[in-house]
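Chemist: What follows is a structure written as structure tokens; I'll ask about it next.
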Amino acid sequence: MPGIFLCLVMGGVALAAAKLIPSMSALLIAILLGALWRNLVPVPAVFAQGVAFSAKKLLRAGIVLLGFQLSLGAILALGPGVLAIVVLCVGVTFLATVWIGGRMGIELPQRLLIAAGFSICGAAAVAGAEGATHAKQDQVATAIGLVVLFGTLMIPLTPALGALLGLDETSTGVLIGASTHEVAQVVAAGGAVGATALGVAVTVKLARVVMLAPIMAGLSLYMSRKHHIEGGKRPPIIPLFVALFLVSMLIRTTGIMPESLLQLASTAQTVLLAAAMFALGLGVHLKSIVKSGGRSLVLALLSTLIILVIAVVGALLYRPL
């Protein structure tokens, strides 16, 4: 309980700070608070179990509630061109990252975590892939740290790139949503361009979030068939939280939930994810990332460049209907 309470309180602090700093999202602030604590002051052992619970269980609960923010109708309304961009960004980036990481000699769990985080939806995707890959905690922390680092760099980079290429707000929104790692980072980057760019960017990003379910199912199937974990059980083909994520998304699509409940789900989702992000931030140990070698850092850079190039080409060729 002490660790869970700590994460919820610090998640609340991040929410309050986000209101004072509009350019920063609560989730990003929560990760930074956790990372600062972890790297500046020792974390008391009494918090360990609750922090671990928050980093997994609260995060997965937040992902389930995230489904209530996704409407299949809104995503399909983007049109086939933009949906093709989303599929290419996620699929090509994921596969290329895994392949390049293998050529660099990076362990399979580490490169799978980086591939998931950089191609789909950041820390939430890393957490989703953790169960299927049976990754070590330091590998998870490294992937989270890299997502925070490169995703934060994308906030000023993608709007500037859109302006440099002469893209209008709609196309810039496609670029931001198709390439930026975290939903919160997409909001920050899109909001810096304008209301139109923000709306398109978030919708495109949520279309990438939908890819979490098939990618995690495929990853679980691959790991269960090709990479047996000694002394461990096979991961489920579709993790329970992913199945519930799909259910909540379908419920939202039907339109049966009143707006008041959707708003409540959105608030609860933000609170849970902020608490989980703080817990994940406590796992971001810079010395461990440096100790792991520069290979993971290089792989993260290459993964970012791959998804950015695909998104730029897509934004130049297509726009939402």
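Please note that chains go A, B, ... in the order of the structure tokens, that every chain numbers its residues from 1, and that ligands are numbered from 1 in the order shown.
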From the DSSP assignment of the backbone, select every residue of region 140-303 of chain A that is helix (DSSP H, G or I), and format the answer as an NGL selection string.

Modeler: :A and (140-164 or 169-179 or 183-193 or 195-210 or 212-226 or 240-254 or 259-281 or 286-291 or 294-303)

Chemist: Could you list, as a PyMOL selection string, every residue within 9 Å of Thr172 (chain A), counting only C-alpha atoms and ignoring same-chain residues fewer than 2 positions away?

Modeler: chain A and resi 158-159+161-163+167-170+174-177+190+193+197+200-201+312+315

Chemist: Now that the selection is made, can you save its residues with C-alpha atoms as a CSV table (one decimal), in the first residue's frame?

Modeler:
```csv
chain,number,residue,atom,x,y,z
A,158,THR,CA,7.7,17.6,-35.8
A,159,PRO,CA,6.0,21.0,-35.9
A,161,LEU,CA,9.6,19.9,-39.8
A,162,GLY,CA,6.0,20.5,-40.9
A,163,ALA,CA,6.7,24.2,-41.3
A,167,LEU,CA,2.7,21.5,-44.8
A,168,ASP,CA,-0.7,22.8,-43.9
A,169,GLU,CA,-2.2,22.2,-40.4
A,170,THR,CA,-4.0,19.0,-41.4
A,174,VAL,CA,-0.8,13.6,-39.8
A,175,LEU,CA,2.9,13.9,-39.5
A,176,ILE,CA,2.8,14.5,-35.7
A,177,GLY,CA,0.3,11.8,-35.0
A,190,GLY,CA,-0.2,19.3,-32.1
A,193,VAL,CA,0.6,24.1,-34.3
A,197,ALA,CA,-3.4,20.0,-36.3
A,200,VAL,CA,-5.9,15.3,-36.6
A,201,ALA,CA,-2.8,14.4,-34.7
A,312,VAL,CA,6.9,12.6,-43.6
A,315,ALA,CA,2.0,13.5,-44.9
```

Chemist: Of the candidates A:Leu244, A:Met154, A:Val86, A:Leu27, which shows the shortest atom-to-atom distance to Leu301 (chain A), using only C-alpha atoms?

Modeler: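 Of the candidates, the smallest distance to Leu301 (chain A) is held by A:Met154.
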
Chemist: Report as JSON, numbers by chain all protein, DNA and RNA residues lying within 9 Å of Ile114 (chain A), evaluated on only C-alpha atoms, omitting residues in the same chain fewer than 2 positions from it.

Modeler: {"A": [94, 97, 98, 109, 110, 111, 112, 116, 117, 118, 119, 122, 126, 140, 142, 143, 144, 146, 147, 296, 299, 300, 303]}

Chemist: Select, from A:Leu32, A:Ala125, A:Ala14, A:Leu108, the residue with the minimum atom-to-atom distance to Phe241 (chain A), counting only C-alpha atoms.

Modeler: A:Ala125

Chemist: Mind pulling up the distance from CA of Ala127 (chain A) to CA of Leu261 (chain A)?

Modeler: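 Computed distance, CA of Leu261 (chain A) to CA of Ala127 (chain A), equals 26.3 Å.
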
Chemist: Using only C-alpha atoms, find the one residue out of A:Leu221, A:Ala160, A:Leu65, A:Ile100 that sits nearest to Ala129 (chain A).

Modeler: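 Of all the options, A:Leu221 lies closest to Ala129 (chain A).
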
Chemist: Pick out the residues sitting within 9 Å of Leu212 (chain A), and hand them over as a list in words; count only C-alpha atoms, and ignore anything fewer than 5 positions along from it in its own chain.

Modeler: Ala116, Ile120, Cys121, Ala125, Gly128, Ala217 and Val242 of chain A

Chemist: Would you please work out which residue, of A:Pro2, A:Gly101, A:Gly194, A:Gly67, is nearest to Ala265 (chain A) when using only C-alpha atoms?

Modeler: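 Selected residue with least distance to Ala265 (chain A): A:Gly67.
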